[in-house]
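Have a look at model-v4.txt; it's compact mmCIF, C-alpha atoms and all ligand atoms:
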```txt
# COMPACT_ATOMS: atom_id res chain seq x y z
CA MET V 192 0.92 -18.87 -6.18
CA ILE V 193 3.66 -16.26 -6.04
CA THR V 194 6.00 -15.14 -3.32
CA ALA V 195 5.67 -11.73 -1.68
CA TYR V 196 7.77 -10.25 1.06
CA ASP V 197 6.32 -6.81 1.83
CA TYR V 198 3.20 -4.65 1.90
CA THR V 199 3.48 -3.25 -1.62
CA THR V 200 3.97 -6.58 -3.38
CA ALA V 201 1.21 -8.15 -1.25
CA VAL V 202 -1.22 -5.41 -2.34
CA LEU V 203 -0.30 -6.02 -6.00
CA ALA V 204 -0.74 -9.80 -5.68
CA ASP V 205 -4.15 -9.21 -4.08
CA ALA V 206 -5.17 -6.81 -6.89
CA ALA V 207 -4.16 -9.46 -9.46
CA GLU V 208 -6.30 -12.01 -7.58
CA ILE V 209 -3.41 -14.43 -7.07
CA PRO V 210 -5.02 -17.17 -4.92
CA ILE V 211 -1.99 -17.98 -2.75
CA VAL V 212 0.83 -15.72 -1.57
CA LEU V 213 3.92 -17.35 -0.09
CA VAL V 214 6.24 -15.58 2.29
CA GLY V 215 9.03 -17.91 1.23
CA ASP V 216 12.38 -18.28 2.91
CA SER V 217 13.68 -17.35 -0.55
CA LEU V 218 13.48 -13.92 1.06
CA GLY V 219 16.89 -14.79 2.52
CA MET V 220 18.35 -14.60 -0.97
CA VAL V 221 16.25 -12.09 -2.94
CA VAL V 222 15.55 -9.63 -0.11
CA LEU V 223 18.14 -10.14 2.63
CA GLY V 224 21.07 -10.87 0.32
CA HIS V 225 22.22 -14.16 1.85
CA GLU V 226 23.76 -16.83 -0.38
CA SER V 227 21.21 -19.47 0.61
CA THR V 228 18.03 -19.82 2.68
CA ILE V 229 19.96 -21.33 5.60
CA PRO V 230 20.49 -18.06 7.57
CA VAL V 231 16.78 -17.11 7.56
CA THR V 232 15.27 -16.87 11.07
CA MET V 233 11.78 -17.07 12.55
CA ASP V 234 11.98 -13.33 13.25
CA ASP V 235 12.81 -12.62 9.58
CA ILE V 236 9.78 -14.58 8.34
CA ILE V 237 7.46 -13.12 10.99
CA HIS V 238 8.61 -9.57 10.22
CA HIS V 239 7.88 -10.01 6.49
CA THR V 240 4.67 -12.01 6.99
CA LYS V 241 3.28 -9.08 8.98
CA MET V 242 3.88 -6.75 6.03
CA VAL V 243 2.24 -9.17 3.61
CA ALA V 244 -0.75 -9.74 5.89
CA ARG V 245 -1.31 -5.97 6.13
CA GLY V 246 -1.33 -5.66 2.36
CA ASN V 247 -3.29 -8.71 1.29
CA LYS V 248 -6.86 -9.32 2.39
CA ASN V 249 -7.98 -12.00 -0.08
CA SER V 250 -5.20 -14.45 -0.90
CA LEU V 251 -4.29 -17.44 1.24
CA ILE V 252 -1.10 -16.40 3.03
CA VAL V 253 1.45 -19.18 3.51
CA ALA V 254 4.64 -18.64 5.52
CA ASP V 255 7.75 -20.82 5.33
CA LEU V 256 9.20 -22.40 8.45
CA PRO V 257 12.92 -21.56 8.27
CA PHE V 258 15.82 -24.00 8.48
CA MET V 259 16.04 -25.83 11.83
CA THR V 260 12.85 -24.35 13.26
CA TYR V 261 10.91 -27.59 12.67
CA GLN V 262 13.51 -30.36 12.30
CA VAL V 263 14.53 -30.75 15.97
CA ASP V 264 11.23 -32.09 17.28
CA PRO V 265 7.51 -31.92 16.48
CA SER V 266 6.61 -29.83 19.56
CA GLU V 267 9.14 -27.13 18.71
CA ALA V 268 7.86 -27.22 15.12
CA LEU V 269 4.29 -26.78 16.36
CA ARG V 270 5.25 -23.77 18.50
CA ASN V 271 7.08 -22.15 15.60
CA ALA V 272 4.22 -22.87 13.18
CA ALA V 273 1.84 -21.22 15.65
CA ARG V 274 4.07 -18.13 15.81
CA LEU V 275 3.79 -17.67 12.04
CA LEU V 276 0.00 -17.51 12.44
CA GLN V 277 -0.28 -15.64 15.75
CA GLU V 278 2.50 -13.11 15.30
CA GLY V 279 2.90 -13.01 11.52
CA GLY V 280 -0.71 -13.29 10.39
CA ALA V 281 -0.19 -16.25 8.04
CA HIS V 282 -3.06 -18.68 7.44
CA THR V 283 -0.92 -21.76 6.89
CA VAL V 284 2.72 -22.83 6.99
CA LYS V 285 5.04 -24.63 4.60
CA LEU V 286 7.99 -26.83 5.44
CA GLU V 287 10.50 -28.89 3.47
CA GLY V 288 10.88 -32.67 3.57
CA GLY V 289 8.96 -35.89 3.06
CA GLU V 290 8.87 -39.15 4.98
CA ASN V 291 11.43 -37.79 7.45
CA ILE V 292 9.18 -34.91 8.47
CA ALA V 293 5.76 -36.60 8.19
CA PRO V 294 5.27 -37.08 11.98
CA THR V 295 5.89 -33.34 12.42
CA VAL V 296 3.38 -32.47 9.70
CA ARG V 297 0.83 -34.70 11.45
CA ARG V 298 1.45 -33.01 14.81
CA ILE V 299 0.98 -29.50 13.37
CA VAL V 300 -2.11 -30.45 11.33
CA GLN V 301 -3.68 -32.12 14.39
CA CYS V 302 -3.54 -28.72 16.09
CA ASP V 303 -5.46 -27.15 13.18
CA ILE V 304 -2.59 -25.41 11.46
CA PRO V 305 -2.77 -26.39 7.79
CA VAL V 306 0.57 -27.50 6.34
CA MET V 307 1.85 -27.28 2.77
CA GLY V 308 4.64 -29.74 1.96
CA HIS V 309 7.69 -29.19 -0.27
CA VAL V 310 9.68 -31.98 -1.94
CA GLY V 311 12.17 -32.43 -4.77
CA VAL V 312 14.87 -29.78 -4.54
CA THR V 313 14.43 -28.50 -1.01
CA PRO V 314 16.76 -25.48 -0.83
CA GLN V 315 17.38 -25.82 2.93
CA SER V 316 19.22 -29.07 2.04
CA VAL V 317 21.58 -27.32 -0.40
CA ASN V 318 24.64 -28.37 1.59
CA ALA V 319 23.61 -32.02 1.52
CA PHE V 320 22.60 -31.91 -2.17
CA GLY V 321 25.66 -29.91 -3.23
CA GLY V 322 23.64 -27.45 -5.30
CA TYR V 323 20.20 -26.81 -6.78
CA ARG V 324 20.24 -29.36 -9.62
CA VAL V 325 17.05 -31.17 -10.67
CA ARG V 326 16.23 -34.17 -8.45
CA GLY V 327 14.35 -37.30 -9.43
CA ARG V 328 16.11 -38.37 -12.61
CA THR V 329 17.60 -41.50 -11.01
CA ALA V 330 15.39 -44.43 -10.01
CA GLN V 331 16.40 -44.05 -6.37
CA GLN V 332 15.65 -40.30 -6.22
CA ALA V 333 12.42 -40.63 -8.19
CA SER V 334 11.00 -43.36 -5.95
CA GLN V 335 12.02 -41.41 -2.83
CA ILE V 336 10.24 -38.26 -4.07
CA VAL V 337 7.07 -40.26 -4.77
CA LYS V 338 7.25 -41.78 -1.27
CA ASP V 339 7.85 -38.35 0.24
CA ALA V 340 4.86 -36.77 -1.50
CA LEU V 341 2.59 -39.66 -0.48
CA ALA V 342 3.86 -39.50 3.12
CA LEU V 343 3.01 -35.79 3.28
CA GLU V 344 -0.52 -36.36 2.01
CA GLU V 345 -0.94 -39.25 4.45
CA ALA V 346 0.25 -36.99 7.28
CA GLY V 347 -2.41 -34.39 6.40
CA ALA V 348 -0.65 -31.85 4.18
CA TYR V 349 -3.23 -29.95 2.11
CA ALA V 350 -0.90 -29.34 -0.86
CA VAL V 351 2.64 -30.24 -1.89
CA VAL V 352 5.18 -28.06 -3.70
CA LEU V 353 7.31 -29.95 -6.24
CA GLU V 354 10.53 -28.04 -6.91
CA LEU V 355 12.90 -28.88 -9.77
CA VAL V 356 11.68 -32.37 -10.55
CA PRO V 357 11.33 -33.79 -14.08
CA ALA V 358 7.96 -33.00 -15.66
CA PRO V 359 6.92 -36.66 -16.15
CA LEU V 360 7.60 -37.41 -12.47
CA SER V 361 5.48 -34.39 -11.44
CA ARG V 362 2.67 -35.67 -13.61
CA LEU V 363 2.87 -39.10 -11.97
CA ILE V 364 2.88 -37.59 -8.46
CA SER V 365 0.02 -35.24 -9.36
CA GLU V 366 -2.01 -38.26 -10.48
CA LYS V 367 -1.16 -40.28 -7.36
CA LEU V 368 -2.00 -37.52 -4.88
CA THR V 369 -5.50 -36.42 -3.97
CA VAL V 370 -4.28 -33.05 -2.67
CA PRO V 371 -3.00 -30.49 -5.19
CA THR V 372 0.61 -30.27 -6.32
CA ILE V 373 2.16 -26.85 -6.93
CA GLY V 374 5.17 -26.85 -9.21
CA ILE V 375 8.25 -24.73 -9.70
CA GLY V 376 10.53 -26.09 -12.40
CA ALA V 377 8.28 -29.15 -12.32
CA GLY V 378 6.51 -28.97 -15.67
CA PRO V 379 2.97 -28.15 -16.74
CA ASP V 380 1.10 -31.08 -15.19
CA CYS V 381 1.07 -29.89 -11.59
CA ASP V 382 -2.26 -28.63 -10.25
CA GLY V 383 -0.80 -25.18 -9.61
CA GLN V 384 2.41 -23.25 -10.19
CA VAL V 385 4.55 -21.05 -7.97
CA GLN V 386 7.13 -18.45 -8.98
CA VAL V 387 9.51 -16.33 -6.96
CA LEU V 388 8.42 -12.71 -7.40
CA HIS V 389 11.90 -11.32 -8.07
CA ASP V 390 12.59 -13.98 -10.72
CA MET V 391 9.34 -13.46 -12.62
CA LEU V 392 9.72 -9.68 -12.56
CA GLY V 393 13.37 -9.67 -13.64
CA LEU V 394 14.38 -8.01 -10.37
CA PHE V 395 16.93 -10.54 -9.15
CA THR V 396 19.88 -10.49 -11.51
CA ASP V 397 22.51 -12.43 -9.48
CA PHE V 398 21.35 -15.41 -11.53
CA VAL V 399 18.19 -16.29 -13.46
CA PRO V 400 17.01 -19.86 -12.88
CA ARG V 401 15.99 -21.75 -16.02
CA HIS V 402 12.56 -22.56 -14.56
CA ALA V 403 11.73 -18.89 -14.11
CA LYS V 404 9.93 -16.96 -16.83
CA GLN V 405 10.47 -13.22 -16.84
CA TYR V 406 7.06 -11.62 -17.24
CA ALA V 407 8.66 -8.20 -16.83
CA ASN V 408 12.13 -6.74 -16.76
CA LEU V 409 11.77 -4.45 -13.79
CA GLY V 410 15.49 -4.67 -13.01
CA GLN V 411 16.29 -2.88 -16.27
CA THR V 412 13.39 -0.44 -15.81
CA ILE V 413 14.59 0.48 -12.33
CA ARG V 414 18.24 0.87 -13.39
CA ASP V 415 17.17 3.15 -16.25
CA ALA V 416 15.02 5.24 -13.90
CA PHE V 417 17.88 5.58 -11.38
CA CYS V 418 20.31 6.66 -14.13
CA GLN V 419 17.90 9.22 -15.56
CA TYR V 420 17.19 10.62 -12.09
CA ALA V 421 20.88 10.97 -11.23
CA GLN V 422 21.57 12.59 -14.61
CA GLU V 423 18.72 15.11 -14.23
CA VAL V 424 19.85 16.08 -10.74
CA LYS V 425 23.37 16.63 -12.06
CA ASP V 426 22.27 18.68 -15.08
CA GLY V 427 19.65 20.64 -13.11
CA SER V 428 16.61 19.49 -15.09
CA PHE V 429 15.09 17.97 -11.92
CA PRO V 430 13.37 19.30 -9.90
CA THR V 431 11.46 22.00 -11.78
CA THR V 432 8.82 24.41 -10.47
CA ARG V 433 6.32 21.60 -11.02
CA GLU V 434 7.88 19.53 -8.23
CA SER V 435 8.55 22.57 -6.00
CA PHE V 436 6.49 24.76 -3.64
CA THR V 437 6.00 28.52 -3.49
CA MET V 438 5.52 30.81 -0.46
CA ASP V 439 4.45 34.36 0.32
CA GLU V 440 7.17 36.63 -1.12
CA ALA V 441 6.64 39.21 1.65
CA ILE V 442 7.62 36.70 4.35
CA LEU V 443 10.69 35.82 2.37
CA ALA V 444 11.61 39.51 1.96
CA GLU V 445 11.49 39.96 5.74
CA LEU V 446 13.85 37.02 6.23
CA GLU V 447 16.27 38.50 3.75
CA ASP V 448 16.55 41.78 5.70
O1 LIG V 501 10.88 -19.90 -0.53
C1 LIG V 501 10.29 -19.99 -1.62
O2 LIG V 501 10.17 -19.04 -2.41
C2 LIG V 501 9.71 -21.29 -1.95
C3 LIG V 501 9.10 -21.48 -3.30
C4 LIG V 501 10.17 -21.52 -4.35
C5 LIG V 501 8.24 -22.67 -3.36
O3 LIG V 501 9.74 -22.16 -1.14
NA NA V 502 11.04 -21.82 0.65
```
With the file now loaded, output its structure as structure tokens.
Ligand code: KIV
Ligand code: NA
Amino acid sequence: MITAYDYTTAVLADAAEIPIVLVGDSLGMVVLGHESTIPVTMDDIIHHTKMVARGNKNSLIVADLPFMTYQVDPSEALRNAARLLQEGGAHTVKLEGGENIAPTVRRIVQCDIPVMGHVGVTPQSVNAFGGYRVRGRTAQQASQIVKDALALEEAGAYAVVLELVPAPLSRLISEKLTVPTIGIGAGPDCDGQVQVLHDMLGLFTDFVPRHAKQYANLGQTIRDAFCQYAQEVKDGSFPTTRESFTMDEAILAELED
């Protein structure tokens, strides 16, 4: 699974036969330029899910429910989940939380909207956690994450994302759950993996999380291309006749008179 936020990246993910594309609320940071995922709105996610749905015909498209669009009550959560499918074109939704949100997951799943869970470091809780540090190293945190993952499965979630949890804990949870786990910074023993597109492509340079592997350095490639372009415009080597268009000289001569 990888994230995608627009038509072009959705087409590329489809061509690479990535099974699941996530329109993550990480878009708040890597696309919209916010400092966290907290400011992301339903309209933001719907807008970007539409672009992804237009570009990708084969992957499962999952859209994130943004902060406070599902926490208030299960009926509001259901309505918002439905909007991601009806207006955005997603196939399923993802939300953050465990035992606390299980009744909401059940309500949405009962109305035939498949739900992916997300436990461990849940970025919408950044203000409560005080950062994005690994969770689950203490006995209390580890047992809570196990309970949360089990509660999500029990409530009907079809998969659970494990974000920034120690690898041995992910392995334990992956063994305990019947539904697949999908890890990010959660070690090799999850059933699947997810990466944020901008991190794996080296596009987001504000910071590079340790759990991200850069499969390309597009940030550098793009900067180099921009510099070369600007230089060639300045020194007159771009554009040439090759990138230009001719016209009938007689018409031009008339204009000059
Ligand atoms: O928003 C996102 O990109 C995510 C993934 C990191 C799982 O939720
Ligand atoms: Na997210």
For ligand LIG 501 (chain V), return the neighbouring residues as a compact mmCIF listing (two decimals) with C-alpha atoms, keeping the file's coordinate frame (distance at most 8 Å; all atoms listed in the file).
```txt
# COMPACT_ATOMS: atom_id res chain seq x y z
CA ILE V 193 3.66 -16.26 -6.04
CA THR V 194 6.00 -15.14 -3.32
CA LEU V 213 3.92 -17.35 -0.09
CA VAL V 214 6.24 -15.58 2.29
CA GLY V 215 9.03 -17.91 1.23
CA ASP V 216 12.38 -18.28 2.91
CA SER V 217 13.68 -17.35 -0.55
CA LEU V 218 13.48 -13.92 1.06
CA THR V 228 18.03 -19.82 2.68
CA ASP V 255 7.75 -20.82 5.33
CA LYS V 285 5.04 -24.63 4.60
CA HIS V 309 7.69 -29.19 -0.27
CA THR V 313 14.43 -28.50 -1.01
CA PRO V 314 16.76 -25.48 -0.83
CA VAL V 352 5.18 -28.06 -3.70
CA LEU V 353 7.31 -29.95 -6.24
CA GLU V 354 10.53 -28.04 -6.91
CA GLY V 374 5.17 -26.85 -9.21
CA ILE V 375 8.25 -24.73 -9.70
CA VAL V 385 4.55 -21.05 -7.97
CA GLN V 386 7.13 -18.45 -8.98
CA VAL V 387 9.51 -16.33 -6.96
```
Between atom CA of Arg274 of chain V and atom CA of Val306 of chain V lies a distance of 13.8 Å
Determine, counting only C-alpha atoms, which protein, DNA and RNA residues have an atom within 9 Å of an atom of Gln411 of chain V; residues of the same chain fewer than 4 positions away are not included. Present the result as a PDB file with C-alpha atoms, in the frame of the given file.
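Result saved to around.pdb:
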```pdb
ATOM      1  CA  GLY V 393      13.370  -9.670 -13.640  1.00  0.00           C
ATOM      2  CA  LEU V 394      14.380  -8.010 -10.370  1.00  0.00           C
ATOM      3  CA  ASP V 415      17.170   3.150 -16.250  1.00  0.00           C
ATOM      4  CA  ALA V 416      15.020   5.240 -13.900  1.00  0.00           C
TER       5      ALA V 416
END
```
I'd like the contact shell of Arg245 of chain V - 10 Å cut-off, only C-alpha atoms, skipping same-chain residues fewer than 3 positions apart - returned as a PDB file with C-alpha atoms, in the frame of the given file.
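Below you can see result_17.pdb, which holds the result:
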```pdb
ATOM      1  CA  ASP V 197       6.320  -6.810   1.830  1.00  0.00           C
ATOM      2  CA  TYR V 198       3.200  -4.650   1.900  1.00  0.00           C
ATOM      3  CA  THR V 199       3.480  -3.250  -1.620  1.00  0.00           C
ATOM      4  CA  ALA V 201       1.210  -8.150  -1.250  1.00  0.00           C
ATOM      5  CA  VAL V 202      -1.220  -5.410  -2.340  1.00  0.00           C
ATOM      6  CA  THR V 240       4.670 -12.010   6.990  1.00  0.00           C
ATOM      7  CA  LYS V 241       3.280  -9.080   8.980  1.00  0.00           C
ATOM      8  CA  MET V 242       3.880  -6.750   6.030  1.00  0.00           C
ATOM      9  CA  LYS V 248      -6.860  -9.320   2.390  1.00  0.00           C
ATOM     10  CA  GLY V 279       2.900 -13.010  11.520  1.00  0.00           C
ATOM     11  CA  GLY V 280      -0.710 -13.290  10.390  1.00  0.00           C
TER      12      GLY V 280
END
```
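For the residues V:Gln335, V:Thr369, V:Thr200, V:Thr437, ranking by smallest atom-to-atom distance to Val356 of chain V using all atoms listed in the file places V:Gln335 first.
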Between V:Val310, V:Leu203, V:Ile237, V:Val231, smallest distance to Ala293 of chain V by only C-alpha atoms belongs to V:Val310
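Of the listed residues V:Ala244, V:Val222, V:Ala281, V:Ile292, the one whose atoms come nearest to Tyr261 of chain V is V:Ile292, with distances taken using all atoms listed in the file.
The nearest approach to ligand NA 502 (chain V) among the residues V:Gln332, V:Gln301, V:Ser227, V:Asn247, with only C-alpha atoms and all ligand atoms taken into account, belongs to V:Ser227.
Atom CA of Asp234 of chain V to atom CA of Gly219 of chain V spans 11.9 Å [interatomic distance, one decimal].
Atom CA of His239 of chain V to atom CA of Ala195 of chain V spans 8.6 Å [interatomic distance, one decimal].
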Of V:Leu360, V:Met391, V:Met259, V:Cys381, the one nearest to Pro230 of chain V when counting all atoms listed in the file is V:Met259
